[in-house]
Each structure stands twice: as structure tokens, then as C-alpha cells.
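As provided, query-v1.txt (compact mmCIF, C-alpha atoms) reads as follows.
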```
# COMPACT_ATOMS: atom_id res chain seq x y z
CA MET U 151 36.10 -45.80 38.16
CA GLY U 152 35.88 -44.98 41.85
CA TYR U 153 33.88 -48.04 42.85
CA ALA U 154 35.25 -49.83 45.87
CA LEU U 155 34.44 -53.45 46.55
CA SER U 156 33.72 -52.82 50.22
CA VAL U 157 31.16 -50.06 49.54
CA ASN U 158 28.33 -52.22 48.34
CA THR U 159 25.29 -50.17 49.20
CA ASP U 160 22.52 -50.15 46.59
CA ASP U 161 23.36 -46.59 45.54
CA ALA U 162 27.09 -47.31 45.13
CA ILE U 163 26.44 -50.49 43.13
CA LEU U 164 23.80 -48.87 40.92
CA THR U 165 25.94 -45.79 40.27
CA ALA U 166 28.93 -47.95 39.36
CA LEU U 167 26.82 -50.12 37.06
CA ARG U 168 25.18 -47.12 35.36
CA GLU U 169 28.42 -45.25 34.80
CA ALA U 170 30.34 -48.24 33.47
CA THR U 171 30.36 -48.58 29.70
CA ASP U 172 30.50 -52.39 29.77
CA ASN U 173 28.91 -53.38 33.08
CA ASN U 174 31.61 -53.03 35.70
CA SER U 175 32.24 -56.67 36.55
CA VAL U 176 33.06 -56.01 40.22
CA ALA U 177 29.89 -54.00 40.72
CA ALA U 178 27.85 -56.56 38.76
CA ASN U 179 29.32 -59.29 40.92
CA ASP U 180 28.39 -57.42 44.10
CA PHE U 181 24.91 -56.76 42.76
CA VAL U 182 24.30 -60.45 42.02
CA ARG U 183 25.77 -61.61 45.32
CA LYS U 184 23.70 -59.14 47.32
CA TYR U 185 20.36 -60.19 45.83
CA GLN U 186 20.96 -63.77 44.69
CA LYS U 187 19.39 -65.38 47.76
CA PHE U 188 16.29 -63.20 47.48
CA VAL U 189 15.85 -63.82 43.75
CA TYR U 190 16.62 -67.54 43.96
CA THR U 191 14.30 -68.28 46.90
CA THR U 192 11.51 -66.23 45.33
CA ALA U 193 11.91 -68.21 42.10
CA LEU U 194 12.17 -71.48 44.02
CA ARG U 195 8.87 -70.86 45.80
CA TYR U 196 7.21 -70.19 42.46
CA LEU U 197 8.83 -72.89 40.32
CA LYS U 198 9.36 -75.56 43.03
CA SER U 199 12.52 -76.85 41.35
CA SER U 200 16.03 -75.80 42.33
CA ASP U 201 17.36 -76.21 38.77
CA ASP U 202 14.56 -74.11 37.29
CA ALA U 203 15.00 -71.53 40.05
CA TYR U 204 18.73 -71.32 39.30
CA ASP U 205 18.03 -70.80 35.58
CA ALA U 206 15.40 -68.18 36.44
CA ALA U 207 17.83 -66.37 38.75
CA GLN U 208 20.41 -66.16 35.95
CA GLU U 209 17.77 -64.79 33.60
CA VAL U 210 16.59 -62.24 36.17
CA PHE U 211 20.09 -60.85 36.76
CA ILE U 212 20.88 -60.71 33.05
CA LYS U 213 17.68 -58.75 32.42
CA ALA U 214 18.33 -56.50 35.42
CA LEU U 215 21.95 -55.76 34.48
CA LYS U 216 20.97 -55.04 30.88
CA SER U 217 18.27 -52.60 31.91
CA ILE U 218 20.02 -51.09 34.92
CA ARG U 219 20.15 -47.66 33.24
CA SER U 220 16.37 -47.59 32.86
CA PHE U 221 15.83 -48.29 36.58
CA ARG U 222 14.90 -44.88 37.94
CA GLY U 223 14.83 -45.82 41.61
CA GLU U 224 11.12 -45.08 42.07
CA SER U 225 10.82 -48.39 43.90
CA SER U 226 13.45 -50.26 45.88
CA VAL U 227 15.86 -52.63 44.14
CA SER U 228 14.13 -55.58 45.87
CA THR U 229 10.73 -54.55 44.52
CA TRP U 230 12.16 -54.13 41.03
CA LEU U 231 13.91 -57.51 41.15
CA TYR U 232 10.81 -59.18 42.58
CA ARG U 233 8.78 -57.98 39.59
CA ILE U 234 11.40 -59.17 37.11
CA THR U 235 11.55 -62.53 38.93
CA MET U 236 7.79 -62.94 38.75
CA ASN U 237 7.81 -62.12 35.01
CA VAL U 238 10.63 -64.57 34.29
CA CYS U 239 8.99 -67.32 36.38
CA SER U 240 5.59 -66.76 34.73
CA GLY U 241 7.27 -67.02 31.32
CA MET U 242 8.98 -70.27 32.31
CA LYS U 243 5.70 -71.68 33.63
CA ARG U 244 3.92 -70.76 30.40
CA LYS U 245 6.60 -72.49 28.33
CA GLU U 246 6.39 -75.54 30.56
CA LYS U 247 2.60 -75.68 30.14
CA LEU U 248 2.98 -75.35 26.39
CA ARG U 249 5.56 -78.15 26.32
CA THR U 250 3.19 -80.39 28.23
CA PHE U 251 0.25 -79.37 26.03
CA VAL U 252 2.01 -80.24 22.77
CA GLY U 253 3.25 -83.50 24.26
CA ILE U 254 6.96 -82.79 24.48
CA ASP U 255 6.91 -83.98 28.07
CA ASP U 256 5.26 -87.32 27.49
CA ILE U 257 5.50 -88.56 31.03
CA GLN U 258 4.14 -86.16 33.59
CA GLU U 259 5.34 -86.81 37.10
CA SER U 260 2.60 -86.95 39.68
CA THR U 261 2.77 -84.17 42.22
CA SER U 262 2.25 -84.14 45.96
CA ASP U 263 -0.39 -82.11 47.79
CA TYR U 264 1.99 -79.17 47.89
CA GLY U 265 2.80 -79.24 44.19
CA TYR U 266 6.12 -81.08 44.57
CA THR U 267 7.01 -84.04 42.37
CA PRO U 268 8.46 -87.11 44.16
CA ALA U 269 11.91 -86.15 42.89
CA GLN U 270 11.53 -82.66 44.28
CA GLU U 271 10.29 -84.02 47.59
CA THR U 272 13.44 -86.08 47.89
CA GLU U 273 15.45 -83.03 47.03
CA ASN U 274 13.85 -80.99 49.78
CA ASN U 275 13.97 -82.10 53.34
CA ASP U 276 10.88 -83.32 55.14
CA PHE U 277 10.39 -80.22 57.20
CA GLU U 278 10.44 -77.94 54.20
CA VAL U 279 7.71 -79.97 52.55
CA ARG U 280 5.64 -80.01 55.74
CA PHE U 281 6.13 -76.29 56.17
CA GLN U 282 5.02 -75.66 52.60
CA GLY U 283 1.89 -77.63 53.48
CA ILE U 284 1.27 -75.36 56.45
CA LEU U 285 1.77 -72.25 54.31
CA ALA U 286 -0.66 -73.65 51.75
CA GLN U 287 -3.40 -73.53 54.40
CA LEU U 288 -3.10 -69.76 54.80
CA PRO U 289 -5.13 -67.28 52.75
CA ASP U 290 -3.11 -66.01 49.76
CA LYS U 291 -2.59 -62.49 51.14
CA GLN U 292 -1.39 -63.73 54.52
CA ARG U 293 0.93 -66.30 52.95
CA GLU U 294 2.53 -63.80 50.56
CA THR U 295 2.95 -61.20 53.30
CA PHE U 296 4.49 -63.76 55.65
CA ILE U 297 6.96 -65.03 53.04
CA MET U 298 8.08 -61.58 51.96
CA ARG U 299 8.45 -60.32 55.52
CA TYR U 300 9.81 -63.38 57.33
CA PHE U 301 11.98 -65.05 54.67
CA ASP U 302 12.78 -62.22 52.27
CA GLU U 303 13.03 -59.62 55.06
CA LEU U 304 11.40 -56.94 52.93
CA SER U 305 10.11 -53.80 54.64
CA TYR U 306 6.35 -53.23 54.78
CA GLU U 307 6.78 -50.38 52.28
CA GLU U 308 8.44 -52.70 49.79
CA ILE U 309 5.78 -55.37 50.26
CA SER U 310 3.12 -52.69 49.87
CA GLN U 311 4.63 -51.62 46.54
CA ILE U 312 4.65 -55.21 45.33
CA SER U 313 1.24 -56.31 46.59
CA GLY U 314 -0.67 -53.05 46.54
CA THR U 315 -1.90 -53.60 50.12
CA SER U 316 -1.64 -50.84 52.72
CA VAL U 317 1.10 -51.02 55.35
CA GLY U 318 -1.51 -51.33 58.14
CA GLY U 319 -3.21 -54.19 56.28
CA LEU U 320 0.11 -55.93 55.80
CA LYS U 321 0.95 -55.71 59.50
CA ALA U 322 -2.42 -57.23 60.38
CA ASN U 323 -1.89 -59.98 57.76
CA TYR U 324 1.57 -60.74 59.15
CA PHE U 325 0.29 -60.97 62.73
CA GLN U 326 -2.57 -63.31 61.72
CA ALA U 327 -0.26 -65.43 59.55
CA THR U 328 2.35 -65.93 62.27
CA LYS U 329 -0.34 -66.86 64.81
CA LYS U 330 -1.89 -69.46 62.50
CA ILE U 331 1.48 -70.92 61.55
CA ALA U 332 2.44 -71.20 65.23
CA GLN U 333 -0.80 -73.09 65.94
CA LEU U 334 -0.34 -75.41 62.97
CA LEU U 335 3.31 -76.09 63.86
CA LYS U 336 2.25 -76.87 67.41
CA SER U 337 -0.47 -79.29 66.35
CA ALA U 338 1.82 -80.94 63.81
CA ARG U 339 4.56 -81.51 66.38
CA PRO U 340 5.05 -85.26 67.10
CA MET T 264 16.64 -62.33 61.67
CA ASN T 265 18.15 -58.91 61.68
CA SER T 266 16.58 -55.83 63.13
CA SER T 267 14.77 -53.68 60.65
CA ASP T 268 17.02 -50.87 59.48
CA ASN T 269 14.12 -48.79 58.33
CA PRO T 270 12.38 -47.08 61.23
CA GLN T 271 9.87 -45.55 58.80
CA THR T 272 8.18 -48.94 58.42
CA SER T 273 6.28 -48.45 61.69
CA SER T 274 3.14 -46.46 62.24
CA VAL T 275 4.09 -46.18 65.93
CA PRO T 276 4.07 -42.55 67.14
CA ASN T 277 7.40 -41.19 68.27
CA VAL T 278 6.31 -40.57 71.89
CA GLY T 279 8.55 -41.66 74.73
CA ASN T 280 6.13 -42.66 77.50
CA GLU T 281 2.93 -43.11 75.56
CA VAL T 282 1.38 -46.57 75.83
CA LEU T 283 0.58 -48.16 72.50
CA SER T 284 -2.94 -49.33 71.72
CA ARG T 285 -3.67 -53.06 71.57
CA GLN T 286 -3.98 -52.92 67.78
CA GLN T 287 -0.59 -51.20 67.48
CA MET T 288 0.92 -53.82 69.80
CA GLU T 289 -0.51 -56.66 67.73
CA GLU T 290 0.87 -55.08 64.54
CA LEU T 291 4.34 -55.06 66.11
CA LEU T 292 4.11 -58.36 67.96
CA ALA T 293 5.50 -60.72 65.30
CA ASP T 294 8.29 -58.34 64.34
CA TYR T 295 9.19 -58.03 68.04
CA ALA T 296 9.19 -61.81 68.50
CA PHE T 297 11.50 -62.25 65.46
CA ASP T 298 13.68 -59.25 66.35
CA GLN T 299 12.67 -57.28 63.27
CA LEU T 300 11.89 -53.98 65.01
CA SER T 301 14.02 -50.84 65.05
CA ALA T 302 15.51 -49.81 68.41
CA LEU T 303 12.82 -47.16 68.92
CA GLU T 304 9.94 -49.49 68.09
CA LYS T 305 11.38 -52.17 70.33
CA ALA T 306 11.64 -49.74 73.26
CA GLN T 307 8.07 -48.55 72.73
CA PHE T 308 6.76 -52.13 72.49
CA GLU T 309 8.54 -53.22 75.66
CA HIS T 310 7.38 -50.09 77.47
CA SER T 311 3.73 -50.92 76.62
CA LEU T 312 3.98 -54.66 77.18
CA SER T 313 3.18 -54.45 80.88
CA THR T 314 -0.27 -53.09 79.97
CA TYR T 315 -1.07 -56.21 77.92
CA PRO T 316 0.49 -59.18 79.81
CA ASP T 317 -1.34 -61.75 77.61
CA LEU T 318 0.63 -60.49 74.58
CA MET T 319 3.86 -61.57 76.22
CA THR T 320 2.47 -65.13 76.19
CA ASP T 321 1.80 -64.73 72.47
CA VAL T 322 5.38 -63.57 71.96
CA GLU T 323 6.74 -66.63 73.81
CA GLU T 324 4.50 -69.00 71.86
CA LEU T 325 5.60 -67.50 68.56
CA ARG T 326 9.27 -67.78 69.49
CA SER T 327 8.85 -71.36 70.65
CA ALA T 328 6.91 -72.45 67.55
CA PHE T 329 9.23 -70.72 65.10
CA ALA T 330 12.44 -72.01 66.73
CA ILE T 331 12.28 -75.10 64.52
CA VAL T 332 11.60 -72.93 61.45
CA ASP T 333 14.73 -70.88 62.16
CA THR T 334 16.83 -74.02 62.65
CA GLU T 335 15.57 -75.61 59.45
CA THR T 336 15.81 -72.33 57.55
CA GLU T 337 19.47 -72.06 58.50
CA ALA T 338 20.12 -75.52 57.06
CA THR T 339 18.19 -74.64 53.90
CA GLU T 340 20.04 -71.37 53.56
CA ARG T 341 23.35 -73.19 53.77
CA ASN T 342 22.18 -75.39 50.90
CA HIS T 343 21.09 -72.36 48.92
CA ALA T 344 24.42 -70.61 49.53
CA GLN T 345 26.22 -73.70 48.25
CA ARG T 346 23.95 -73.82 45.19
CA LEU T 347 24.42 -70.12 44.46
CA LYS T 348 28.17 -69.82 44.91
CA ASN T 349 28.81 -69.66 41.13
CA LEU T 350 25.69 -67.75 40.08
CA SER T 351 27.46 -64.42 39.62
CA VAL T 352 30.14 -66.08 37.47
CA HIS T 353 27.50 -67.75 35.30
CA VAL T 354 25.63 -64.46 34.92
CA GLN T 355 28.81 -62.60 33.92
CA ASN T 356 29.76 -65.34 31.45
CA ARG T 357 26.35 -65.25 29.80
CA LEU T 358 26.42 -61.47 29.60
CA MET T 359 29.87 -61.62 28.02
CA ALA T 360 28.72 -64.26 25.51
CA GLU T 361 25.71 -62.11 24.57
CA ARG T 362 27.93 -59.06 24.10
CA VAL T 363 30.28 -61.02 21.83
CA ALA T 364 27.35 -62.41 19.79
CA THR T 365 25.84 -58.93 19.42
CA ALA T 366 29.20 -57.51 18.31
CA ARG T 367 29.56 -60.29 15.71
CA ARG T 368 26.07 -59.68 14.35
CA TRP T 369 26.72 -55.95 14.14
CA LYS T 370 30.06 -56.54 12.39
CA PHE T 371 28.36 -58.83 9.85
CA PHE T 372 25.61 -56.33 9.02
CA ARG T 373 28.08 -53.45 8.94
CA PHE T 374 29.80 -55.11 5.98
CA LEU T 375 26.75 -56.80 4.44
CA MET T 376 24.66 -53.67 3.91
CA PRO T 377 27.28 -51.68 1.94
CA ALA T 378 28.09 -54.85 -0.03
CA LEU T 379 24.42 -55.31 -0.97
CA ALA T 380 24.11 -51.66 -1.93
CA ALA T 381 27.22 -51.87 -4.12
CA ALA T 382 25.98 -55.08 -5.78
CA SER T 383 22.61 -53.46 -6.54
CA ALA T 384 24.32 -50.43 -8.07
CA VAL T 385 26.51 -52.64 -10.29
CA MET T 386 23.45 -54.64 -11.44
CA VAL T 387 21.58 -51.48 -12.42
CA MET T 388 24.63 -50.24 -14.34
CA LEU T 389 24.99 -53.55 -16.23
CA LEU T 390 21.33 -53.75 -17.38
CA PRO T 391 20.64 -52.64 -20.99
CA GLU T 392 19.26 -49.12 -20.92
CA GLY T 393 16.17 -49.88 -23.04
CA ALA T 394 15.20 -52.95 -21.04
CA THR T 395 15.28 -50.97 -17.81
CA ASP T 396 13.04 -48.27 -19.27
CA TYR T 397 10.71 -50.86 -20.79
CA LEU T 398 10.29 -52.77 -17.53
CA MET T 399 9.77 -49.63 -15.46
CA HIS T 400 7.17 -48.26 -17.89
CA ARG T 401 5.42 -51.61 -18.25
CA SER T 402 5.17 -52.21 -14.53
CA SER T 403 3.34 -48.94 -14.10
CA ALA T 404 1.25 -49.19 -17.30
CA SER T 405 -0.28 -52.64 -17.10
CA PRO T 406 -1.60 -54.82 -14.29
CA PHE T 407 -0.39 -57.82 -16.29
CA ALA T 408 3.25 -56.84 -16.04
CA ASP T 409 3.84 -59.42 -13.36
CA MET T 410 2.88 -62.09 -15.89
CA ILE T 411 6.35 -61.81 -17.45
CA ARG T 412 8.33 -64.95 -16.62
CA PRO T 413 12.08 -64.93 -16.05
CA HIS T 414 12.78 -66.64 -19.38
CA GLU T 415 10.59 -64.03 -21.14
CA ALA T 416 12.50 -61.23 -19.47
CA SER T 417 15.72 -62.87 -20.56
CA LEU T 418 14.47 -62.99 -24.18
CA ILE T 419 13.60 -59.31 -23.99
CA PHE T 420 17.05 -58.47 -22.70
CA ASP T 421 18.73 -60.58 -25.38
CA ASP T 422 16.69 -59.08 -28.20
CA GLU T 423 18.57 -55.90 -28.97
CA SER T 424 15.95 -54.78 -31.44
CA LEU T 425 13.65 -54.16 -28.48
CA ASN T 426 16.08 -51.67 -27.01
CA ASP T 427 15.21 -48.98 -29.50
CA GLY T 428 12.03 -47.60 -30.94
CA ILE T 429 9.55 -48.87 -28.32
CA SER T 430 6.70 -46.40 -28.33
CA ASP T 431 3.57 -45.99 -26.23
CA ALA T 432 1.60 -47.40 -29.14
CA ASP T 433 3.68 -50.61 -28.95
CA ILE T 434 2.96 -50.93 -25.29
CA ALA T 435 -0.77 -50.31 -25.80
CA LEU T 436 -0.80 -52.97 -28.50
CA ALA T 437 0.96 -55.42 -26.19
CA ASP T 438 -1.59 -54.75 -23.45
CA HIS T 439 -4.44 -55.22 -25.93
CA THR T 440 -2.97 -58.57 -26.95
CA VAL T 441 -2.81 -59.65 -23.34
CA ASP T 442 -6.46 -58.58 -22.86
CA ASP T 443 -7.48 -60.63 -25.88
CA ALA T 444 -5.68 -63.65 -24.52
CA ILE T 445 -7.43 -63.28 -21.19
CA ASN T 446 -10.83 -62.93 -22.87
CA GLY T 447 -10.09 -66.12 -24.80
CA VAL T 448 -9.39 -67.96 -21.53
CA LEU T 449 -12.62 -66.61 -20.05
CA ALA T 450 -14.62 -67.77 -23.07
CA GLU T 451 -13.08 -71.21 -22.79
CA LYS T 452 -14.02 -71.36 -19.11
CA GLU T 453 -17.60 -70.39 -19.92
CA SER T 454 -17.85 -73.18 -22.44
CA LEU T 455 -16.53 -75.61 -19.81
CA LEU T 456 -19.22 -74.44 -17.42
CA ALA T 457 -21.85 -74.92 -20.10
CA ALA T 458 -20.49 -78.39 -20.68
CA ARG T 459 -21.66 -79.36 -17.17
CA LEU T 460 -25.18 -79.34 -18.67
CA ILE T 461 -24.34 -81.98 -21.26
CA ASP T 462 -25.06 -85.65 -20.59
CA HIS T 463 -22.92 -88.46 -21.85
CA ASP T 464 -24.95 -89.18 -25.00
CA THR T 465 -25.05 -85.54 -25.98
CA LEU T 466 -21.31 -85.37 -25.53
CA LYS T 467 -20.87 -88.30 -27.91
CA ALA T 468 -23.17 -86.63 -30.42
CA LEU T 469 -21.22 -83.39 -30.15
CA SER T 470 -17.92 -85.19 -30.52
CA SER T 471 -19.00 -86.95 -33.69
CA ALA T 472 -20.77 -83.92 -35.16
CA ASP T 473 -19.22 -81.77 -37.80
CA GLY T 474 -17.29 -78.99 -36.06
CA ASP T 475 -18.85 -76.39 -38.35
CA ASP T 476 -22.43 -77.51 -37.87
CA THR T 477 -23.21 -74.93 -35.19
CA ASP T 478 -26.99 -75.03 -35.64
CA ASN T 479 -27.05 -78.75 -35.03
CA ASP T 480 -24.89 -78.37 -31.90
CA LEU T 481 -27.17 -75.66 -30.51
CA ALA T 482 -30.24 -77.79 -31.15
CA LEU T 483 -28.64 -80.64 -29.28
CA LEU T 484 -27.77 -78.35 -26.42
CA GLN T 485 -31.34 -77.11 -26.10
CA ASP T 486 -32.55 -80.72 -25.66
CA ILE T 487 -30.41 -81.32 -22.62
CA ASP T 488 -32.15 -82.17 -19.37
CA ASP T 489 -30.17 -80.82 -16.39
CA ASP T 490 -31.12 -83.79 -14.23
CA ASP T 491 -29.36 -86.15 -16.59
CA VAL T 492 -25.96 -84.68 -15.80
CA ASP T 493 -23.87 -86.35 -13.14
CA ASP T 494 -20.24 -86.24 -12.05
CA SER T 495 -19.17 -89.05 -14.36
CA ASP T 496 -20.50 -87.05 -17.30
CA VAL T 497 -18.52 -84.01 -16.32
CA GLN T 498 -15.42 -86.15 -15.82
CA ALA T 499 -15.87 -87.69 -19.27
CA ILE T 500 -16.23 -84.26 -20.84
CA PHE T 501 -13.03 -83.05 -19.25
CA THR T 502 -11.19 -86.18 -20.36
CA GLN T 503 -12.27 -85.74 -23.96
CA MET T 504 -11.48 -82.08 -24.08
```
Final C-alpha cells representation of the file:
Amino acid sequence: MGYALSVNTDDAILTALREATDNNSVAANDFVRKYQKFVYTTALRYLKSSDDAYDAAQEVFIKALKSIRSFRGESSVSTWLYRITMNVCSGMKRKEKLRTFVGIDDIQESTSDYGYTPAQETENNDFEVRFQGILAQLPDKQRETFIMRYFDELSYEEISQISGTSVGGLKANYFQATKKIAQLLKSARP
Amino acid sequence: MNSSDNPQTSSVPNVGNEVLSRQQMEELLADYAFDQLSALEKAQFEHSLSTYPDLMTDVEELRSAFAIVDTETEATERNHAQRLKNLSVHVQNRLMAERVATARRWKFFRFLMPALAAASAVMVMLLPEGATDYLMHRSSASPFADMIRPHEASLIFDDESLNDGISDADIALADHTVDDAINGVLAEKESLLAARLIDHDTLKALSSADGDDTDNDLALLQDIDDDDVDDSDVQAIFTQM
């Protein structure tokens, strides 16, 4: 195996993972480390619980590493992982709803305006909660574009593949989103 | 924020001294403010900025407003990094555990299937020859074959006289007997249905009547008024039968 730890470009990692008979552990480790922040924060935004997001991230990487040979590289690795993350998170949400519906979770915690439970609000710092509130005021498209571009640092092409919006439309959404957020941050400043 | 490493993300034309349109400038403004442009895009944006001085104010406002976001994001990212430091180990451990479980399952089935096949072969060899033929023929010849109970099958196997000399005529006779039995059950059910038309007094009369006096029974039956029958009558009939 000619995989070197220092050469951790997507192509090198993917090639090493595909060629290995039992998932090259060094390459798998690099793969997880390279994308863990992206997967975890994406899951965290969706699930709003750090424990659930951690579980989801594990699930995402297990699915990804198991199906690495079927990934043909038609989209970027980020786009592929984003889709897997969304599928895993949706599945977890569905299970959670079902648990609540059949009464397994007898006591439902009340949630804040931004969808956080009191425990989660304590877990997150004040600014994060306030910022989530600001993001909640944006139209869906602008919010998603802003998050993927600003926090996840995805290229417009990658966001376009995920959202199905044109690159020009995404740039306009990003500009509008940043302007609105700046205004809201300014007005919210003590 | 790091500069974008993908210059293809921009729709900006690759012209050195050309001034960008206002729309193009607005599309690049946020990325410029957060240092997300490629070197070429950044040079083009700065070259055109003098044409739109108000946009520079927008850039400054964005930077000022988002300064707090960057600060807080750094703190959050430190927390995330701390939370994620063992993720790759956990993923590898779970993958390893799954591989071991899969290998165990495969090992189990690899031995189970030949063992089941061998056991089936031994069972077939141990069965009396005639009983096997009889059961195979019967299952295809009669829809009532599944009425054979385990203890009946056992009797058949134990009775060695059945092993030889079973002909098609025997099987036809057996089927005919089963048909007769079924017809008998049907007739009994019909009489039970008819009994729903009998009131309590008629039932008493029928019970006390001579079992052979069919004419008398029929006459009594013809006198029955349907409206006289209620559930208690039916219950009483079933109890007495």
C-alpha cells in the first residue's frame, strides 16, 4: 500500500480506501478527520443536540466507508457526505417522532423559540442561541446558502449540487443573507 | 476563513482591466469581505471597487458585524474539536465490530447449511420406503392430505402392512371415505341451522318424541313460527345436542 499519511487529498484518501481489502485504517482515519467537523456541524444544526449529532456523525462515516467503492466521484466528497448526513439525520428524527408518538418519551421537554430544549440552551452559549434566532428569520434558501458557504466553506458548485439552485442564484442569496444578518446583529447589539 | 481554492466558482470574466458590473460586484462582495475569493477574483474586485465607493462601506459593515460571529465561531469550533477528538477511533471500532459480527454469522451459516442438508438426507434414507411413496402420492392426489395428524402419520409408519400392496384403488377408497365424512359434517351443520327455527316448546317435543317417528317430527317442524325463536332457544338447543 503506497498511501502516505501526509498526502491526504481526497483522491489519495479515496484511492487508498478503495484499493484496501479491509478499509485501510490510516486512510479511514484521515478521511474521518478531514470531514468530521463538516459532518458533525451539519448534523448538529439539524438535530440540535451534540450527543445526537455525534451519533449521527459516526453513522454517516460508517455508511460512507462501507460504500466508498460505490462512490463514483460524480459529485464532490462534501456533497456526497452532506446527502448521507441528511438521510441519517432524517432517519433519527423519524425514530424520535415515533418514540414520542408511542409514548416512550413520556416527558417532552419544552423547546425554545429556536427549537432548543432548556438543557440544550445551557449546553450552547448565549451567542449561539441568539445567532440561531437571527438565522431563523432568514428565508430558507438564504439561510441554507449562508450556512453552507460561511460555516461549511463549500464552493458554490457544491452548494448548487446539493440545493439544485444555480450558482448565480446562490451568490445573490449569499449576498442578501449576509446583509440581513449584519443588520440584525447590529440591531441586537446591546 | 480561507481563500477559496477553486477559481472556477466565480462567473467573473478573466479580463485584467475590465470593470465589473454592480451585480457582479454584489455577488462577490460577501466573499471578498470574508476573504473567500481566489487571488484573481480579489484583484478584479479591488480593481473595480473605486467605481462603486458605496460598496466599500458595505464591505466594512459586513466585516464589523461578523467580527463577533468569527470570535464566537472560533470558541465553538474549539468545543467541537474537543468533542470530535475520538470520533475516528469510535468509527473504526464500530466498523471492526461489524466486520467481526459479519464473519461470525457467515461462519455459522457456512457450517449450518451443510449440516441441515446432511440431516435431511439421513431422514429421507431412514423413512420406510412405502410410507414415503404413500405420502408423496397422497399429497398430490387428495386435497385432504393435510388432514393427516402427526399421530396418524406415526401409525401409518408403524403399520408395516401398509408398506406393501397399496394400490390406486385403495387411495380412491380412502378419498371417498373422507368425502363421506365431510358430507356427514355438512349434513349435521344443516340440521343445526334448521334448529334455529325451533322454539323451546318444539325442542322439548322433539326431545321427548320417538327418534323413529319422522313424520311426527316433520309435522312439528312445519308448525314452527320463526318469530318465536330467540337466542335463548338456540342456546338451549345447542346445550341439549
**Request:** At a cut-off of 7 Å, list the chain U residues touching chain T, using only C-alpha atoms, as a list in words.
**Result:** Asn179, Val182, Arg183, Gln208, Phe211, Ile212, Ser305, Tyr306, Glu307, Lys321, Ala322, Phe325, Thr328, Ala332, Leu335 and Lys336 of chain U
**Prompt:** Which is closer to U:Met236 than all the others in U:Ile297, U:Phe221, U:Asp276, U:Ile312, using all atoms listed in the file?
**Reply:**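 Residue with the minimum atom-to-atom distance to U:Met236: U:Ile312.
Atom pair atom CA of U:Thr229 / atom CA of U:Gln311: separated by 7.1 Å.
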**Prompt:** In Å, with one decimal, what is the gap from atom CA of U:Lys329 to atom CA of T:Ser313?
**Reply:** 20.6 Å
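In this structure, atom CA of U:Arg233 sits 28.5 Å away from atom CA of T:Tyr295.
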